[in-house]
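As provided, run.pdb (PDB, C-alpha atoms, pLDDT in the B column) reads as follows.
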MODEL        1
ATOM      1  CA  MET H  12      -4.998  20.742 -11.113  1.00 54.00           C
ATOM      2  CA  ALA H  13      -8.273  21.506 -12.876  1.00 53.00           C
ATOM      3  CA  THR H  14      -9.277  17.844 -12.700  1.00 52.00           C
ATOM      4  CA  MET H  15      -8.649  17.668  -8.959  1.00 51.00           C
ATOM      5  CA  LEU H  16     -10.642  20.873  -8.412  1.00 50.00           C
ATOM      6  CA  TYR H  17     -13.546  19.509 -10.439  1.00 45.00           C
ATOM      7  CA  LYS H  18     -13.379  16.246  -8.476  1.00 51.00           C
ATOM      8  CA  SER H  19     -13.450  18.131  -5.176  1.00 55.00           C
ATOM      9  CA  ILE H  20     -16.491  20.170  -6.216  1.00 49.00           C
ATOM     10  CA  ALA H  21     -18.351  17.162  -7.625  1.00 50.00           C
ATOM     11  CA  GLU H  22     -17.933  15.220  -4.392  1.00 54.00           C
ATOM     12  CA  ARG H  23     -19.656  17.995  -2.440  1.00 55.00           C
ATOM     13  CA  GLY H  24     -23.004  17.296  -4.073  1.00 58.00           C
ATOM     14  CA  PRO H  25     -26.137  16.293  -2.137  1.00 57.00           C
ATOM     15  CA  TRP H  26     -25.210  12.625  -2.500  1.00 58.00           C
ATOM     16  CA  SER H  27     -22.296  13.240  -0.122  1.00 66.00           C
ATOM     17  CA  SER H  28     -24.815  12.742   2.704  1.00 77.00           C
ATOM     18  CA  LEU H  29     -24.219   9.023   2.129  1.00 80.00           C
ATOM     19  CA  SER H  30     -20.717   9.558   3.472  1.00 81.00           C
ATOM     20  CA  ARG H  31     -22.004  10.993   6.750  1.00 85.00           C
ATOM     21  CA  TRP H  32     -24.541   8.191   7.015  1.00 87.00           C
ATOM     22  CA  ALA H  33     -21.827   5.593   6.438  1.00 88.00           C
ATOM     23  CA  LEU H  34     -19.563   7.148   9.064  1.00 86.00           C
ATOM     24  CA  GLU H  35     -22.377   7.305  11.609  1.00 89.00           C
ATOM     25  CA  SER H  36     -23.191   3.647  10.960  1.00 88.00           C
ATOM     26  CA  TYR H  37     -19.578   2.638  11.450  1.00 88.00           C
ATOM     27  CA  LEU H  38     -19.246   4.604  14.692  1.00 90.00           C
ATOM     28  CA  LYS H  39     -22.401   2.910  15.985  1.00 90.00           C
ATOM     29  CA  GLY H  40     -20.862  -0.493  15.270  1.00 88.00           C
ATOM     30  CA  ASP H  41     -22.977  -1.327  12.230  1.00 88.00           C
ATOM     31  CA  VAL H  42     -20.016  -2.248  10.041  1.00 88.00           C
ATOM     32  CA  GLY H  43     -22.097  -4.100   7.460  1.00 86.00           C
ATOM     33  CA  LYS H  44     -24.291  -1.071   6.820  1.00 88.00           C
ATOM     34  CA  ALA H  45     -21.240   1.189   6.654  1.00 90.00           C
ATOM     35  CA  LEU H  46     -19.652  -1.113   4.085  1.00 89.00           C
ATOM     36  CA  LEU H  47     -22.847  -1.170   2.035  1.00 88.00           C
ATOM     37  CA  LEU H  48     -22.998   2.632   1.952  1.00 90.00           C
ATOM     38  CA  TYR H  49     -19.298   3.091   1.253  1.00 90.00           C
ATOM     39  CA  SER H  50     -19.515   0.469  -1.499  1.00 88.00           C
ATOM     40  CA  ARG H  51     -22.407   2.355  -3.079  1.00 88.00           C
ATOM     41  CA  MET H  52     -20.374   5.559  -3.044  1.00 89.00           C
ATOM     42  CA  ALA H  53     -17.327   3.681  -4.318  1.00 89.00           C
ATOM     43  CA  ASP H  54     -19.364   2.585  -7.343  1.00 86.00           C
ATOM     44  CA  LEU H  55     -20.102   6.269  -7.957  1.00 84.00           C
ATOM     45  CA  GLY H  56     -16.372   6.973  -8.003  1.00 85.00           C
ATOM     46  CA  TYR H  57     -15.755   8.496  -4.577  1.00 87.00           C
ATOM     47  CA  GLU H  58     -12.080   7.988  -3.759  1.00 87.00           C
ATOM     48  CA  VAL H  59     -12.512   8.252   0.028  1.00 88.00           C
ATOM     49  CA  ALA H  60     -15.381   5.758  -0.064  1.00 90.00           C
ATOM     50  CA  GLN H  61     -13.292   3.365  -2.154  1.00 91.00           C
ATOM     51  CA  SER H  62     -10.502   3.534   0.396  1.00 89.00           C
ATOM     52  CA  ASN H  63     -12.855   3.187   3.382  1.00 91.00           C
ATOM     53  CA  ALA H  64     -14.716   0.224   1.897  1.00 91.00           C
ATOM     54  CA  ALA H  65     -11.409  -1.477   1.131  1.00 90.00           C
ATOM     55  CA  TRP H  66     -10.210  -0.854   4.681  1.00 89.00           C
ATOM     56  CA  ILE H  67     -13.345  -2.445   6.157  1.00 90.00           C
ATOM     57  CA  LEU H  68     -13.056  -5.472   3.876  1.00 88.00           C
ATOM     58  CA  ASP H  69      -9.408  -5.913   4.766  1.00 84.00           C
ATOM     59  CA  ARG H  70      -9.824  -5.402   8.510  1.00 83.00           C
ATOM     60  CA  TYR H  71     -12.992  -7.353   9.270  1.00 81.00           C
ATOM     61  CA  SER H  72     -12.787 -11.087   8.650  1.00 70.00           C
ATOM     62  CA  ASP H  73     -16.470 -11.854   9.210  1.00 66.00           C
ATOM     63  CA  GLN H  74     -17.472 -13.675   6.023  1.00 54.00           C
ATOM     64  CA  SER H  75     -21.050 -12.399   6.216  1.00 55.00           C
ATOM     65  CA  ILE H  76     -19.794  -8.854   5.663  1.00 67.00           C
ATOM     66  CA  CYS H  77     -19.959  -9.304   1.884  1.00 72.00           C
ATOM     67  CA  MET H  78     -21.309 -11.669  -0.758  1.00 66.00           C
ATOM     68  CA  GLY H  79     -19.101 -13.699  -3.049  1.00 63.00           C
ATOM     69  CA  GLU H  80     -19.827 -15.641  -6.228  1.00 63.00           C
ATOM     70  CA  SER H  81     -21.712 -18.469  -4.526  1.00 66.00           C
ATOM     71  CA  SER H  82     -22.457 -17.364  -0.960  1.00 69.00           C
ATOM     72  CA  PHE H  83     -20.613 -15.267   1.601  1.00 73.00           C
ATOM     73  CA  CYS H  84     -17.184 -13.947   0.658  1.00 76.00           C
ATOM     74  CA  THR H  85     -14.209 -16.216   1.084  1.00 78.00           C
ATOM     75  CA  ASP H  86     -11.076 -14.620   2.513  1.00 78.00           C
ATOM     76  CA  MET H  87      -9.583 -14.523  -0.978  1.00 79.00           C
ATOM     77  CA  GLU H  88     -12.648 -12.839  -2.481  1.00 82.00           C
ATOM     78  CA  ARG H  89     -12.762 -10.320   0.343  1.00 83.00           C
ATOM     79  CA  HIS H  90      -9.113  -9.346  -0.038  1.00 82.00           C
ATOM     80  CA  LEU H  91      -9.265  -9.202  -3.831  1.00 84.00           C
ATOM     81  CA  ARG H  92     -12.292  -6.928  -3.613  1.00 87.00           C
ATOM     82  CA  ALA H  93     -10.399  -4.707  -1.183  1.00 88.00           C
ATOM     83  CA  HIS H  94      -7.413  -4.601  -3.539  1.00 86.00           C
ATOM     84  CA  ALA H  95      -9.635  -3.628  -6.472  1.00 88.00           C
ATOM     85  CA  LEU H  96     -11.102  -0.758  -4.457  1.00 91.00           C
ATOM     86  CA  TRP H  97      -7.669   0.376  -3.308  1.00 88.00           C
ATOM     87  CA  TRP H  98      -6.468   0.320  -6.897  1.00 86.00           C
ATOM     88  CA  HIS H  99      -9.365   2.533  -8.001  1.00 89.00           C
ATOM     89  CA  ALA H 100      -8.561   4.896  -5.126  1.00 90.00           C
ATOM     90  CA  SER H 101      -4.892   4.989  -6.090  1.00 85.00           C
ATOM     91  CA  GLU H 102      -5.823   5.939  -9.647  1.00 84.00           C
ATOM     92  CA  GLN H 103      -7.552   8.985  -8.175  1.00 85.00           C
ATOM     93  CA  GLY H 104      -4.419  10.095  -6.342  1.00 81.00           C
ATOM     94  CA  ASN H 105      -4.532   8.078  -3.114  1.00 85.00           C
ATOM     95  CA  GLU H 106      -0.855   7.137  -2.902  1.00 82.00           C
ATOM     96  CA  HIS H 107      -1.311   5.111   0.283  1.00 87.00           C
ATOM     97  CA  ALA H 108      -3.800   2.775  -1.404  1.00 89.00           C
ATOM     98  CA  ALA H 109      -1.279   1.438  -3.926  1.00 89.00           C
ATOM     99  CA  LEU H 110       1.249   1.026  -1.114  1.00 92.00           C
ATOM    100  CA  LEU H 111      -1.199  -1.177   0.805  1.00 90.00           C
ATOM    101  CA  ILE H 112      -1.709  -3.376  -2.248  1.00 89.00           C
ATOM    102  CA  GLY H 113       2.045  -3.728  -2.627  1.00 92.00           C
ATOM    103  CA  ASP H 114       2.423  -4.688   1.028  1.00 91.00           C
ATOM    104  CA  ALA H 115      -0.342  -7.287   0.710  1.00 87.00           C
ATOM    105  CA  TYR H 116       1.411  -9.019  -2.184  1.00 91.00           C
ATOM    106  CA  TYR H 117       4.888  -8.639  -0.715  1.00 93.00           C
ATOM    107  CA  TYR H 118       3.969 -10.225   2.619  1.00 91.00           C
ATOM    108  CA  GLY H 119       1.215 -12.506   1.322  1.00 89.00           C
ATOM    109  CA  ARG H 120      -1.531 -10.897   3.386  1.00 82.00           C
ATOM    110  CA  GLY H 121      -4.792 -12.417   2.221  1.00 75.00           C
ATOM    111  CA  VAL H 122      -3.305 -13.347  -1.153  1.00 80.00           C
ATOM    112  CA  ALA H 123      -0.475 -15.516  -2.389  1.00 86.00           C
ATOM    113  CA  ARG H 124       2.902 -13.823  -2.039  1.00 92.00           C
ATOM    114  CA  ASP H 125       3.815 -12.285  -5.381  1.00 94.00           C
ATOM    115  CA  TYR H 126       6.890 -10.049  -5.493  1.00 95.00           C
ATOM    116  CA  GLU H 127       6.289  -9.002  -9.093  1.00 94.00           C
ATOM    117  CA  ARG H 128       2.781  -7.744  -8.375  1.00 92.00           C
ATOM    118  CA  ALA H 129       4.084  -6.061  -5.242  1.00 93.00           C
ATOM    119  CA  ALA H 130       6.689  -4.257  -7.339  1.00 95.00           C
ATOM    120  CA  GLU H 131       3.997  -3.186  -9.801  1.00 92.00           C
ATOM    121  CA  ALA H 132       1.926  -1.668  -7.002  1.00 91.00           C
ATOM    122  CA  TYR H 133       4.955   0.033  -5.460  1.00 94.00           C
ATOM    123  CA  MET H 134       5.835   1.482  -8.865  1.00 94.00           C
ATOM    124  CA  HIS H 135       2.352   2.949  -9.063  1.00 90.00           C
ATOM    125  CA  ALA H 136       2.716   4.482  -5.597  1.00 91.00           C
ATOM    126  CA  ARG H 137       6.162   5.767  -6.579  1.00 93.00           C
ATOM    127  CA  SER H 138       4.619   7.644  -9.498  1.00 90.00           C
ATOM    128  CA  GLN H 139       2.626   9.511  -6.835  1.00 87.00           C
ATOM    129  CA  SER H 140       5.807  10.319  -4.869  1.00 90.00           C
ATOM    130  CA  ASN H 141       5.232   7.916  -1.981  1.00 93.00           C
ATOM    131  CA  ALA H 142       8.511   7.702  -0.043  1.00 93.00           C
ATOM    132  CA  GLN H 143       7.724   4.322   1.532  1.00 93.00           C
ATOM    133  CA  ALA H 144       7.055   2.765  -1.875  1.00 94.00           C
ATOM    134  CA  ILE H 145      10.299   4.209  -3.241  1.00 95.00           C
ATOM    135  CA  PHE H 146      12.206   2.794  -0.278  1.00 95.00           C
ATOM    136  CA  ASN H 147      10.535  -0.585  -0.786  1.00 94.00           C
ATOM    137  CA  LEU H 148      11.611  -0.661  -4.430  1.00 96.00           C
ATOM    138  CA  GLY H 149      15.175  -0.034  -3.320  1.00 94.00           C
ATOM    139  CA  TYR H 150      14.895  -2.881  -0.826  1.00 92.00           C
ATOM    140  CA  MET H 151      13.547  -5.216  -3.514  1.00 94.00           C
ATOM    141  CA  HIS H 152      16.386  -4.340  -5.884  1.00 94.00           C
ATOM    142  CA  GLU H 153      18.863  -4.875  -3.073  1.00 90.00           C
ATOM    143  CA  HIS H 154      17.567  -8.395  -2.456  1.00 89.00           C
ATOM    144  CA  GLY H 155      16.362  -9.329  -5.934  1.00 92.00           C
ATOM    145  CA  HIS H 156      12.768  -9.777  -4.774  1.00 92.00           C
ATOM    146  CA  GLY H 157      10.579  -9.428  -7.858  1.00 92.00           C
ATOM    147  CA  LEU H 158      13.095  -7.025  -9.404  1.00 94.00           C
ATOM    148  CA  PRO H 159      16.616  -7.573 -10.767  1.00 94.00           C
ATOM    149  CA  LEU H 160      19.330  -7.652  -8.121  1.00 92.00           C
ATOM    150  CA  ASP H 161      20.956  -4.262  -8.628  1.00 92.00           C
ATOM    151  CA  LEU H 162      22.718  -2.523  -5.743  1.00 90.00           C
ATOM    152  CA  HIS H 163      23.314   0.657  -7.731  1.00 91.00           C
ATOM    153  CA  LEU H 164      19.626   0.975  -8.563  1.00 93.00           C
ATOM    154  CA  ALA H 165      18.785   0.169  -4.944  1.00 93.00           C
ATOM    155  CA  LYS H 166      20.922   3.112  -3.830  1.00 93.00           C
ATOM    156  CA  ARG H 167      19.218   5.366  -6.345  1.00 95.00           C
ATOM    157  CA  TYR H 168      15.804   4.485  -4.938  1.00 95.00           C
ATOM    158  CA  TYR H 169      16.982   4.961  -1.354  1.00 94.00           C
ATOM    159  CA  ASP H 170      18.317   8.404  -2.258  1.00 95.00           C
ATOM    160  CA  GLN H 171      15.031   9.286  -3.952  1.00 94.00           C
ATOM    161  CA  ALA H 172      13.092   8.316  -0.825  1.00 94.00           C
ATOM    162  CA  VAL H 173      14.971  10.975   1.163  1.00 93.00           C
ATOM    163  CA  GLU H 174      14.418  13.546  -1.571  1.00 94.00           C
ATOM    164  CA  VAL H 175      10.676  12.941  -1.397  1.00 93.00           C
ATOM    165  CA  ASP H 176      10.419  12.811   2.400  1.00 91.00           C
ATOM    166  CA  SER H 177      13.178  13.977   4.744  1.00 91.00           C
ATOM    167  CA  ALA H 178      11.659  11.791   7.490  1.00 89.00           C
ATOM    168  CA  ALA H 179      13.150   8.812   5.646  1.00 87.00           C
ATOM    169  CA  LYS H 180      16.686   9.999   6.407  1.00 90.00           C
ATOM    170  CA  LEU H 181      17.398   7.565   9.258  1.00 90.00           C
ATOM    171  CA  PRO H 182      16.065   4.361   7.642  1.00 88.00           C
ATOM    172  CA  VAL H 183      17.761   5.285   4.381  1.00 89.00           C
ATOM    173  CA  MET H 184      21.042   5.861   6.201  1.00 91.00           C
ATOM    174  CA  LEU H 185      20.780   2.368   7.699  1.00 89.00           C
ATOM    175  CA  ALA H 186      19.876   0.868   4.328  1.00 88.00           C
ATOM    176  CA  LEU H 187      22.824   2.592   2.651  1.00 90.00           C
ATOM    177  CA  THR H 188      25.072   1.223   5.383  1.00 87.00           C
ATOM    178  CA  SER H 189      23.890  -2.280   4.552  1.00 83.00           C
ATOM    179  CA  LEU H 190      24.596  -1.633   0.871  1.00 84.00           C
ATOM    180  CA  TRP H 191      28.125  -0.517   1.671  1.00 84.00           C
ATOM    181  CA  LEU H 192      28.695  -3.632   3.765  1.00 81.00           C
ATOM    182  CA  ARG H 193      27.356  -5.873   1.008  1.00 78.00           C
ATOM    183  CA  THR H 194      29.587  -4.223  -1.557  1.00 77.00           C
ATOM    184  CA  ASN H 195      32.788  -4.338   0.469  1.00 76.00           C
ATOM    185  CA  TYR H 196      32.388  -7.344   2.763  1.00 71.00           C
ATOM    186  CA  ALA H 197      29.891  -9.568   1.000  1.00 65.00           C
ATOM    187  CA  ASP H 198      31.671 -12.810   1.929  1.00 61.00           C
ATOM    188  CA  SER H 199      31.844 -12.163   5.656  1.00 58.00           C
ATOM    189  CA  PHE H 200      29.486 -14.280   7.778  1.00 55.00           C
ATOM    190  CA  LEU H 201      29.310 -11.632  10.498  1.00 49.00           C
ATOM    191  CA  VAL H 202      28.495  -8.960   7.959  1.00 51.00           C
ATOM    192  CA  ARG H 203      25.723 -11.068   6.430  1.00 53.00           C
ATOM    193  CA  SER H 204      24.158 -11.496   9.865  1.00 52.00           C
ATOM    194  CA  SER H 205      24.447  -7.846  10.855  1.00 48.00           C
ATOM    195  CA  PHE H 206      23.294  -6.771   7.418  1.00 46.00           C
ATOM    196  CA  ARG H 207      19.981  -8.589   7.848  1.00 50.00           C
ATOM    197  CA  TYR H 208      19.446  -6.813  11.160  1.00 50.00           C
ATOM    198  CA  VAL H 209      20.285  -3.387   9.720  1.00 49.00           C
ATOM    199  CA  VAL H 210      17.937  -3.742   6.766  1.00 47.00           C
ATOM    200  CA  CYS H 211      15.028  -5.105   8.796  1.00 52.00           C
ATOM    201  CA  THR H 212      15.448  -2.295  11.315  1.00 52.00           C
ATOM    202  CA  SER H 213      15.548   0.375   8.618  1.00 51.00           C
ATOM    203  CA  TYR H 214      12.464  -1.044   6.917  1.00 49.00           C
ATOM    204  CA  MET H 215      10.500  -0.964  10.165  1.00 49.00           C
ATOM    205  CA  LEU H 216      11.515   2.623  10.910  1.00 49.00           C
ATOM    206  CA  LEU H 217      10.222   4.082   7.660  1.00 54.00           C
TER     207      LEU H 217
ENDMDL
END

Entire entry expressed as structure tokens:
Amino acid sequence: MATMLYKSIAERGPWSSLSRWALESYLKGDVGKALLLYSRMADLGYEVAQSNAAWILDRYSDQSICMGESSFCTDMERHLRAHALWWHASEQGNEHAALLIGDAYYYGRGVARDYERAAEAYMHARSQSNAQAIFNLGYMHEHGHGLPLDLHLAKRYYDQAVEVDSAAKLPVMLALTSLWLRTNYADSFLVRSSFRYVVCTSYMLL
């Protein structure tokens, strides 16, 4: 609590004018200048700037927006830089940042698909009580993606997601239905087909 209060006070210093300047630049369409300013603030440890700079790097594919090792950033360099910034932001309490890293590795967005690294990022977001990350860990245990196939542990994570955020009640209910079907009718072709639909629907709803 004391650390967060100190952080809040420190970020209100005169250097916070860079944040307003960066926002004004972005709203005027000067994305490169906004990224430069947010990156400068990110180097100073500003969590919001770290998240904003990462968002710009991830969203804008123009290679000239940043410099890589030899010339302009490649797509890989741009995404890895965004992930590094998101990770720094997550370490300062931004639970959504770690979730975005997990999604990038799970779906292979800008990086090679890596379920184990996705699970690591989701675990980090889970430690910050992010319901979506907790649900995702349950899904990964249910399917054995990057984590051991364990239906009991999957159920535990699904239940935890509801405890953290009651808005997850509907998708969790659908996911638990799929678990019940897998447990009791795993060999049925019709159940396997409907199960895929139920899980995909529940994942999209959360």

Pick the closest to H:Gly113 from H:Asn147, H:Gln139, H:Thr194, H:Thr85: which is it, counting only C-alpha atoms? H:Asn147

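Proximity ranking of H:Ala142, H:Leu34, H:Leu148, H:Ala64 relative to H:Ser177 places H:Ala142 first, based on only C-alpha atoms.
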
Ground truth for the PyMOL selection byres ((chain H and resi 161) around 12), written as a compact mmCIF listing (two decimals) with C-alpha atoms, in the coordinates of the input:
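result_32.txt, written as the output of this step:
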# COMPACT_ATOMS: atom_id res chain seq x y z
CA LEU H 148 11.61 -0.66 -4.43
CA GLY H 149 15.18 -0.03 -3.32
CA TYR H 150 14.90 -2.88 -0.83
CA MET H 151 13.55 -5.22 -3.51
CA HIS H 152 16.39 -4.34 -5.88
CA GLU H 153 18.86 -4.88 -3.07
CA HIS H 154 17.57 -8.40 -2.46
CA GLY H 155 16.36 -9.33 -5.93
CA HIS H 156 12.77 -9.78 -4.77
CA GLY H 157 10.58 -9.43 -7.86
CA LEU H 158 13.10 -7.02 -9.40
CA PRO H 159 16.62 -7.57 -10.77
CA LEU H 160 19.33 -7.65 -8.12
CA LEU H 162 22.72 -2.52 -5.74
CA HIS H 163 23.31 0.66 -7.73
CA LEU H 164 19.63 0.98 -8.56
CA ALA H 165 18.78 0.17 -4.94
CA LYS H 166 20.92 3.11 -3.83
CA ARG H 167 19.22 5.37 -6.34
CA TYR H 168 15.80 4.49 -4.94
CA LEU H 190 24.60 -1.63 0.87
CA ARG H 193 27.36 -5.87 1.01
CA THR H 194 29.59 -4.22 -1.56

Distance criterion (only C-alpha atoms): nearest to H:Gly40 out of H:Ala95, H:Ala136, H:Ile67, H:Ala172: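 Looking at the shortest contact to H:Gly40, the residue is H:Ile67.
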
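A straight line drawn from atom CA of H:Ala65 to atom CA of H:Trp97 is 6.1 Å long.
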
Between H:Phe146, H:Val59, H:Lys39, H:Arg128, which is the closest to H:Ala178 once you count only C-alpha atoms?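 Checking each candidate against H:Ala178, we get H:Phe146 as the closest.
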
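Proximity of H:Val122, H:Cys84, H:Ala115, H:Val173 to H:Ala186, computed with only C-alpha atoms, is greatest for H:Val173.
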
Would you save stretch 165-187 of chain H from the block above with N, CA and C atoms, as an mmCIF file, in the first residue's frame?
data_model
loop_
_atom_site.group_PDB
_atom_site.id
_atom_site.type_symbol
_atom_site.label_atom_id
_atom_site.label_comp_id
_atom_site.auth_asym_id
_atom_site.auth_seq_id
_atom_site.Cartn_x
_atom_site.Cartn_y
_atom_site.Cartn_z
ATOM 1 N N ALA H 165 -8.369 -27.860 -13.895
ATOM 2 C CA ALA H 165 -9.093 -26.942 -14.778
ATOM 3 C C ALA H 165 -10.338 -26.416 -14.075
ATOM 4 N N LYS H 166 -11.072 -27.317 -13.428
ATOM 5 C CA LYS H 166 -12.281 -26.898 -12.704
ATOM 6 C C LYS H 166 -11.940 -25.929 -11.579
ATOM 7 N N ARG H 167 -10.834 -26.184 -10.909
ATOM 8 C CA ARG H 167 -10.436 -25.307 -9.810
ATOM 9 C C ARG H 167 -10.177 -23.891 -10.320
ATOM 10 N N TYR H 168 -9.502 -23.797 -11.468
ATOM 11 C CA TYR H 168 -9.233 -22.474 -12.034
ATOM 12 C C TYR H 168 -10.525 -21.800 -12.494
ATOM 13 N N TYR H 169 -11.418 -22.562 -13.111
ATOM 14 C CA TYR H 169 -12.688 -21.978 -13.541
ATOM 15 C C TYR H 169 -13.456 -21.429 -12.340
ATOM 16 N N ASP H 170 -13.475 -22.189 -11.258
ATOM 17 C CA ASP H 170 -14.170 -21.737 -10.048
ATOM 18 C C ASP H 170 -13.522 -20.470 -9.484
ATOM 19 N N GLN H 171 -12.201 -20.409 -9.542
ATOM 20 C CA GLN H 171 -11.496 -19.232 -9.036
ATOM 21 C C GLN H 171 -11.821 -17.992 -9.870
ATOM 22 N N ALA H 172 -12.006 -18.185 -11.168
ATOM 23 C CA ALA H 172 -12.319 -17.050 -12.042
ATOM 24 C C ALA H 172 -13.618 -16.384 -11.608
ATOM 25 N N VAL H 173 -14.612 -17.183 -11.225
ATOM 26 C CA VAL H 173 -15.888 -16.632 -10.760
ATOM 27 C C VAL H 173 -15.718 -15.941 -9.416
ATOM 28 N N GLU H 174 -14.879 -16.510 -8.560
ATOM 29 C CA GLU H 174 -14.643 -15.899 -7.252
ATOM 30 C C GLU H 174 -14.013 -14.517 -7.394
ATOM 31 N N VAL H 175 -13.155 -14.368 -8.389
ATOM 32 C CA VAL H 175 -12.474 -13.092 -8.598
ATOM 33 C C VAL H 175 -13.393 -12.080 -9.270
ATOM 34 N N ASP H 176 -14.184 -12.551 -10.238
ATOM 35 C CA ASP H 176 -15.051 -11.646 -11.001
ATOM 36 C C ASP H 176 -16.365 -12.358 -11.309
ATOM 37 N N SER H 177 -17.444 -11.892 -10.716
ATOM 38 C CA SER H 177 -18.750 -12.529 -10.911
ATOM 39 C C SER H 177 -19.224 -12.444 -12.357
ATOM 40 N N ALA H 178 -18.648 -11.516 -13.145
ATOM 41 C CA ALA H 178 -19.027 -11.395 -14.552
ATOM 42 C C ALA H 178 -18.620 -12.626 -15.353
ATOM 43 N N ALA H 179 -17.735 -13.441 -14.782
ATOM 44 C CA ALA H 179 -17.277 -14.649 -15.475
ATOM 45 C C ALA H 179 -18.233 -15.820 -15.275
ATOM 46 N N LYS H 180 -19.352 -15.594 -14.625
ATOM 47 C CA LYS H 180 -20.254 -16.693 -14.271
ATOM 48 C C LYS H 180 -20.744 -17.469 -15.490
ATOM 49 N N LEU H 181 -21.189 -16.765 -16.529
ATOM 50 C CA LEU H 181 -21.728 -17.450 -17.708
ATOM 51 C C LEU H 181 -20.663 -18.249 -18.456
ATOM 52 N N PRO H 182 -19.524 -17.640 -18.826
ATOM 53 C CA PRO H 182 -18.506 -18.442 -19.523
ATOM 54 C C PRO H 182 -17.992 -19.603 -18.687
ATOM 55 N N VAL H 183 -17.889 -19.404 -17.381
ATOM 56 C CA VAL H 183 -17.433 -20.494 -16.523
ATOM 57 C C VAL H 183 -18.469 -21.611 -16.489
ATOM 58 N N MET H 184 -19.743 -21.248 -16.463
ATOM 59 C CA MET H 184 -20.793 -22.261 -16.475
ATOM 60 C C MET H 184 -20.698 -23.111 -17.746
ATOM 61 N N LEU H 185 -20.457 -22.462 -18.880
ATOM 62 C CA LEU H 185 -20.312 -23.193 -20.138
ATOM 63 C C LEU H 185 -19.067 -24.077 -20.121
ATOM 64 N N ALA H 186 -17.977 -23.542 -19.564
ATOM 65 C CA ALA H 186 -16.743 -24.324 -19.497
ATOM 66 C C ALA H 186 -16.912 -25.534 -18.583
ATOM 67 N N LEU H 187 -17.603 -25.354 -17.463
ATOM 68 C CA LEU H 187 -17.838 -26.471 -16.553
ATOM 69 C C LEU H 187 -18.743 -27.520 -17.193
#
